[in-house]
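data-v3.txt, holding compact mmCIF, C-alpha atoms:
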```txt
# COMPACT_ATOMS: atom_id res chain seq x y z
CA MET O 442 73.13 128.61 -103.97
CA ALA O 443 75.41 125.65 -103.49
CA SER O 444 72.93 123.84 -101.24
CA ARG O 445 70.10 124.29 -103.71
CA ARG O 446 72.25 122.89 -106.50
CA SER O 447 73.32 119.88 -104.51
CA ARG O 448 69.75 119.17 -103.43
CA SER O 449 68.41 119.13 -107.00
CA ARG O 450 71.31 116.97 -108.13
CA GLN O 451 70.71 114.58 -105.31
CA SER O 452 66.97 114.29 -105.72
CA SER O 453 66.81 114.30 -109.51
CA GLY O 454 66.62 110.51 -109.60
CA SER O 455 64.69 110.07 -106.39
CA ARG O 456 62.48 113.09 -105.97
CA ILE O 457 59.94 112.47 -103.28
CA THR O 458 56.62 114.03 -104.18
CA ASP O 459 53.94 115.04 -101.72
CA ASP O 460 51.62 112.60 -103.43
CA GLN O 461 54.00 109.76 -102.67
CA ILE O 462 54.07 110.73 -99.03
CA ILE O 463 50.28 111.01 -98.89
CA ASP O 464 49.98 107.60 -100.49
CA LEU O 465 52.40 105.98 -98.04
CA VAL O 466 50.75 107.62 -95.06
CA SER O 467 47.32 106.37 -96.10
CA LYS O 468 48.76 102.85 -96.48
CA LEU O 469 50.04 103.12 -92.92
CA GLN O 470 46.68 104.38 -91.77
CA GLN O 471 45.06 101.13 -92.92
CA LEU O 472 47.34 99.13 -90.65
CA ILE O 473 46.58 100.99 -87.45
CA PRO O 474 43.55 99.51 -85.65
CA GLU O 475 42.76 102.93 -84.17
CA PHE O 476 41.82 104.26 -87.61
CA ARG O 477 40.37 101.10 -89.13
CA ARG O 478 37.58 101.28 -86.61
CA ARG O 479 36.59 104.87 -87.32
CA ARG O 480 36.98 104.52 -91.11
CA SER O 481 37.31 108.25 -91.61
CA ASP O 482 39.89 109.43 -94.09
CA LYS O 483 40.06 112.88 -92.59
CA VAL O 484 43.03 112.09 -90.41
CA SER O 485 46.10 114.28 -90.57
CA ALA O 486 49.40 112.69 -91.53
CA SER O 487 50.79 113.93 -88.27
CA LYS O 488 48.14 112.05 -86.33
CA VAL O 489 48.75 108.88 -88.34
CA LEU O 490 52.44 108.98 -87.49
CA GLN O 491 51.67 109.68 -83.86
CA GLU O 492 49.33 106.70 -83.63
CA THR O 493 51.80 104.56 -85.56
CA CYS O 494 54.41 105.25 -82.90
CA ASN O 495 51.95 104.34 -80.16
CA TYR O 496 50.96 101.16 -81.97
CA ILE O 497 54.57 100.04 -82.44
CA ARG O 498 55.28 100.68 -78.78
CA ASN O 499 52.26 98.59 -77.86
CA LEU O 500 53.44 95.76 -80.08
CA HIS O 501 56.88 95.88 -78.48
CA ARG O 502 55.23 95.70 -75.08
CA GLU O 503 53.16 92.70 -76.19
CA VAL O 504 56.29 90.90 -77.38
CA ASP O 505 57.86 91.63 -74.01
CA GLY O 506 54.84 90.34 -72.11
CA LEU O 507 54.58 87.20 -74.23
CA SER O 508 58.30 86.50 -73.84
CA ASP O 509 57.84 86.80 -70.11
CA ARG O 510 54.83 84.49 -70.16
CA LEU O 511 56.66 81.94 -72.29
CA SER O 512 59.68 81.98 -69.98
CA GLN O 513 57.43 80.98 -67.08
CA LEU O 514 55.58 78.35 -69.11
CA LEU O 515 58.71 76.74 -70.50
CA ALA O 516 59.86 75.93 -67.00
CA SER O 517 57.03 73.46 -66.63
CA THR O 518 56.56 72.16 -70.15
CA ASP O 519 58.23 69.60 -72.32
CA THR O 520 58.33 71.40 -75.67
CA ASP O 521 58.89 68.50 -78.05
CA THR O 522 55.56 66.79 -77.65
CA ASP O 523 53.57 69.99 -78.07
CA GLN O 524 55.10 71.33 -81.23
CA ALA O 525 52.98 69.19 -83.54
CA THR O 526 49.85 70.58 -81.89
CA ILE O 527 51.08 74.13 -82.26
CA ILE O 528 51.89 73.74 -85.92
CA ARG O 529 48.58 72.10 -86.65
CA SER O 530 46.60 74.84 -84.97
CA LEU O 531 48.58 77.57 -86.69
CA LEU O 532 47.91 75.94 -90.06
CA GLU O 533 44.21 76.04 -89.43
CA GLU O 534 44.10 79.81 -88.91
CA MET G 1219 57.00 66.34 -85.73
CA ASP G 1220 57.09 67.36 -89.36
CA LEU G 1221 57.87 70.97 -90.09
CA GLN G 1222 57.52 70.41 -93.80
CA ASN G 1223 53.75 70.43 -93.49
CA LEU G 1224 53.90 74.20 -93.23
CA ASN G 1225 53.65 76.28 -96.38
CA PRO G 1226 57.35 77.08 -96.64
CA SER G 1227 56.88 80.36 -98.45
CA SER G 1228 54.77 82.19 -95.89
CA LEU G 1229 56.44 84.54 -93.48
CA LYS G 1230 54.32 83.20 -90.66
CA SER G 1231 55.44 79.61 -91.14
CA ARG G 1232 59.10 80.60 -91.56
CA PHE G 1233 58.95 82.55 -88.33
CA THR G 1234 57.08 79.80 -86.50
CA ALA G 1235 59.57 77.11 -87.47
CA ARG G 1236 62.57 79.19 -86.47
CA PHE G 1237 61.05 80.40 -83.23
CA LEU G 1238 59.94 76.93 -82.11
CA ARG G 1239 63.41 75.60 -82.81
CA ALA G 1240 64.89 78.38 -80.71
CA LEU G 1241 62.45 77.69 -77.88
CA THR G 1242 63.47 74.02 -77.85
CA GLU G 1243 67.11 75.04 -77.55
CA ILE G 1244 66.37 77.50 -74.79
CA ASN G 1245 64.37 74.92 -72.88
CA ALA G 1246 66.89 72.11 -73.38
CA PRO G 1247 69.11 72.40 -70.32
CA LYS G 1248 66.81 71.13 -67.57
CA THR G 1249 68.58 71.76 -64.34
CA ILE G 1250 67.21 71.51 -60.83
CA SER G 1251 67.08 75.28 -60.58
CA SER G 1252 65.29 75.83 -63.89
CA SER G 1253 62.50 77.70 -62.13
CA SER G 1254 64.59 80.13 -60.11
CA PRO G 1255 63.78 83.81 -60.74
CA ARG G 1256 67.20 84.36 -62.21
CA GLU G 1257 66.82 81.45 -64.62
CA ILE G 1258 63.38 82.62 -65.62
CA PHE G 1259 64.67 86.13 -66.28
CA GLN G 1260 67.52 84.85 -68.40
CA ARG G 1261 65.10 82.65 -70.29
CA TYR G 1262 62.84 85.68 -70.85
CA ARG G 1263 65.72 87.60 -72.38
CA ARG G 1264 66.73 84.71 -74.59
CA ILE G 1265 63.16 84.22 -75.77
CA LYS G 1266 62.80 87.88 -76.61
CA VAL G 1267 66.03 87.89 -78.61
CA ALA G 1268 64.99 84.65 -80.30
CA ALA G 1269 61.66 86.19 -81.33
CA ASP G 1270 63.26 89.28 -82.89
CA LYS G 1271 66.01 87.21 -84.42
CA SER G 1272 63.61 84.65 -85.89
CA MET G 1273 61.56 87.37 -87.53
CA ALA G 1274 64.58 89.22 -88.90
CA TYR G 1275 65.99 85.99 -90.33
CA SER G 1276 62.66 85.11 -91.85
CA VAL G 1277 62.61 88.44 -93.67
CA ARG G 1278 66.33 88.08 -94.41
CA SER G 1279 68.04 91.08 -95.96
CA ARG G 1280 65.11 92.18 -98.10
CA ARG G 1281 64.32 95.08 -95.82
CA ILE G 1282 66.34 97.89 -94.27
CA TRP G 1283 64.85 97.20 -90.85
CA SER G 1284 65.63 93.48 -90.94
CA ARG G 1285 69.20 94.19 -92.03
CA ALA G 1286 69.55 96.68 -89.18
CA THR G 1287 68.19 94.15 -86.68
CA LEU G 1288 70.52 91.40 -87.90
CA TRP G 1289 73.47 93.76 -87.76
CA ARG G 1290 72.54 94.87 -84.27
CA LEU G 1291 72.21 91.25 -83.09
CA ARG G 1292 75.58 90.30 -84.52
CA THR G 1293 77.30 93.30 -83.03
CA ARG G 1294 75.66 92.68 -79.68
CA SER G 1295 76.70 89.04 -79.49
CA ARG G 1296 80.28 90.00 -80.26
CA SER G 1297 80.50 92.70 -77.61
CA ARG G 1298 78.26 91.12 -75.01
CA ARG G 1299 81.08 90.82 -72.52
CA LEU G 1300 82.04 94.45 -72.89
CA VAL G 1301 78.62 96.07 -72.81
CA SER G 1302 76.94 96.26 -69.41
CA PHE G 1303 74.17 93.73 -68.93
CA GLY G 1304 70.68 94.92 -69.69
CA ARG G 1305 71.54 98.04 -71.66
CA ARG G 1306 70.71 97.98 -75.36
CA ALA G 1307 72.83 100.50 -77.24
CA SER G 1308 70.99 102.42 -79.95
CA VAL G 1309 71.90 101.42 -83.48
CA LYS G 1310 73.96 103.96 -85.37
CA THR G 1311 74.07 102.74 -88.95
CA ARG G 1312 77.19 103.33 -90.97
CA THR G 1313 75.47 105.18 -93.81
CA THR G 1314 75.66 108.92 -93.42
CA ALA G 1315 72.54 110.64 -92.17
CA SER G 1316 73.04 113.70 -94.35
CA HIS G 1317 71.31 112.13 -97.35
CA GLY G 1318 68.27 111.45 -95.28
CA LYS G 1319 68.42 114.88 -93.71
CA GLU G 1320 67.99 116.71 -97.05
CA ASN G 1321 64.71 114.98 -97.71
CA LYS G 1322 63.75 115.26 -94.08
CA GLU G 1323 64.01 119.04 -94.28
CA HIS G 1324 61.92 119.19 -97.45
CA HIS G 1325 58.94 117.62 -95.67
CA GLY G 1326 60.16 118.57 -92.25
CA ALA G 1327 57.58 121.23 -91.62
CA VAL G 1328 54.79 118.71 -92.04
CA LEU G 1329 55.96 115.58 -90.27
CA GLY G 1330 59.17 116.48 -88.52
CA VAL G 1331 58.65 115.58 -84.89
CA GLN G 1332 56.60 112.43 -85.42
CA ALA G 1333 59.04 111.16 -88.03
CA GLU G 1334 61.87 111.53 -85.52
CA GLU G 1335 59.94 109.49 -82.99
CA LEU G 1336 59.22 106.85 -85.59
CA ARG G 1337 62.86 106.67 -86.60
CA GLU G 1338 63.76 105.57 -83.11
CA LEU G 1339 61.17 102.81 -83.11
CA VAL G 1340 61.92 101.24 -86.47
CA PRO G 1341 65.30 99.48 -86.69
CA GLY G 1342 67.62 101.40 -88.98
CA GLY G 1343 65.21 104.32 -89.07
CA GLU G 1344 67.81 106.98 -88.38
CA ALA G 1345 69.29 106.87 -91.87
CA MET G 1346 66.10 106.40 -93.86
CA ASP G 1347 64.53 109.15 -95.92
CA LEU G 1348 60.86 109.78 -95.23
CA CYS G 1349 59.65 107.62 -98.12
CA ASN G 1350 61.66 104.63 -97.00
CA LEU G 1351 60.72 105.21 -93.39
CA LEU G 1352 57.00 105.05 -94.12
CA ASP G 1353 57.37 102.03 -96.37
CA GLU G 1354 59.61 100.15 -93.94
CA THR G 1355 57.29 101.00 -91.05
CA ALA G 1356 54.33 99.40 -92.82
CA HIS G 1357 56.27 96.18 -93.37
CA TYR G 1358 57.71 96.24 -89.86
CA ILE G 1359 54.23 96.53 -88.37
CA LYS G 1360 52.96 93.60 -90.42
CA CYS G 1361 55.86 91.48 -89.19
CA LEU G 1362 55.42 92.53 -85.58
CA THR G 1363 51.72 91.62 -85.63
CA THR G 1364 52.58 88.21 -87.10
CA GLN G 1365 55.21 87.76 -84.41
CA VAL G 1366 52.73 88.63 -81.65
CA GLN G 1367 50.05 86.38 -83.12
CA VAL G 1368 52.33 83.34 -83.26
CA MET G 1369 53.81 83.94 -79.81
CA ARG G 1370 50.35 84.30 -78.31
CA THR G 1371 49.17 81.05 -79.95
CA ILE G 1372 52.18 79.19 -78.60
CA ALA G 1373 51.74 80.62 -75.11
CA ASN G 1374 48.03 79.72 -75.10
CA LEU G 1375 48.79 76.17 -76.19
CA TYR G 1376 51.41 75.72 -73.48
CA SER G 1377 48.98 77.18 -70.94
CA ILE G 1378 46.45 74.46 -71.56
CA GLU G 1379 48.77 71.78 -70.16
```

Go ahead and render the structure in this file as structure tokens.
Amino acid sequence: MASRRSRSRQSSGSRITDDQIIDLVSKLQQLIPEFRRRRSDKVSASKVLQETCNYIRNLHREVDGLSDRLSQLLASTDTDTDQATIIRSLLEE
Amino acid sequence: MDLQNLNPSSLKSRFTARFLRALTEINAPKTISSSSPREIFQRYRRIKVAADKSMAYSVRSRRIWSRATLWRLRTRSRSRRLVSFGRRASVKTRTTASHGKENKEHHGAVLGVQAEELRELVPGGEAMDLCNLLDETAHYIKCLTTQVQVMRTIANLYSIE
């Protein structure tokens, strides 16, 4: 009884509805390349979360790999002269 | 080199400016042994921290995940001498987890296990309720993809030399 009371008191101002969850999950789905390709909206929330975890892990791995690559490149490059080129090319994207 | 040419309000340009500045600092001390494996490894670690730090600072404290990252970075730099090298301690935020747990249980049957996995991947995820977790994850992913895109562009440009 006590737990039920405290739960309703706690969530009265911030009740999370199932619709909210469904909405947020579908927003996530749009960001995962895995699902953008197939374009089906018949993906379970559980699968979306699973793929989200995989995608984040991949991104972490990419950051790792790029940091490694940059550490090797920096050894042989003078950064100052190249920064203008980098900024220009990033602006054009 | 004029950094003011960038649109100052875009996340991408804020991150780029910060990250490039950090790279210049990291590359500054040119010693004879700047290509030794040990030096390269240390540079790799510094670059990785700089990338995460630059992104978190560009987002500032507008997001739970960026606040958690900034907090983790500050705590790490303070206790670097005490913590063993190479081991990143998991972030235990100060807010109690019980609030999050109530809502977790309500939707637990549906998304329990995957949500737990996600909580470990998103900074500060442990104390978020499911709604926040999903929202923060979406933003975190957008920032990570921006980070990767900029880092890749920089690496490609340096590779051309």

Counting only C-alpha atoms, which residue out of O:Asn495, O:Lys483, O:Leu469, O:Glu475 sits closest to chain G?
O:Leu469

Hey, what's within 9 Å of segment 1252-1258 of chain G if we count only C-alpha atoms and toss same-chain stuff fewer than 3 positions away? As a list in words, please?
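Answer for this query is Asp509, Ser512, Gln513, Leu515, Ala516 and Ser517 of chain O; Pro1247, Lys1248, Thr1249, Arg1261, Tyr1262 and Arg1263 of chain G.
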
Using only C-alpha atoms, pick whichever of O:Leu514, O:Leu507, O:Val466, O:Ile457 has the shortest atom-to-atom distance to Gln491 of chain O.
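Smallest separation from Gln491 of chain O among the options: O:Val466.
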
What does the structure give for the distance between atom CA of Met1346 of chain G and atom CA of Arg1294 of chain G, in Å to one decimal?
21.9 Å

Find the residue from O:Asp505, O:Leu500, O:Ser487, O:Pro474 that sits nearest to Ile462 of chain O; use only C-alpha atoms when measuring.
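When distances to Ile462 of chain O are compared using only C-alpha atoms, the smallest one comes from O:Ser487.
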
Distance query Gln470 of chain O at most 12 Å, all atoms listed in the file, self and fewer than 5 positions along chain excluded, as a list in words:
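Non-adjacent residues within range: Ile463, Asp464, Leu465, Glu475, Phe476, Arg477, Arg478, Arg479, Arg480, Ser481, Asp482, Lys483, Val484, Ser485, Ala486, Ser487, Lys488, Val489, Leu490, Gln491, Glu492, Thr493, Cys494 and Tyr496 of chain O; Leu1352, Asp1353, Thr1355, Ala1356 and Ile1359 of chain G.
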
Using only C-alpha atoms: which of O:Asn499, O:Leu511, O:Thr458, O:Ile473 has the shortest distance to chain G
O:Leu511

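Picture a line from atom CA of Ala1333 of chain G to atom CA of Leu1348 of chain G; it runs 7.6 Å.
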
So how many Å separate atom CA of Thr1287 of chain G and atom CA of Ala1269 of chain G, to one decimal?
11.6 Å
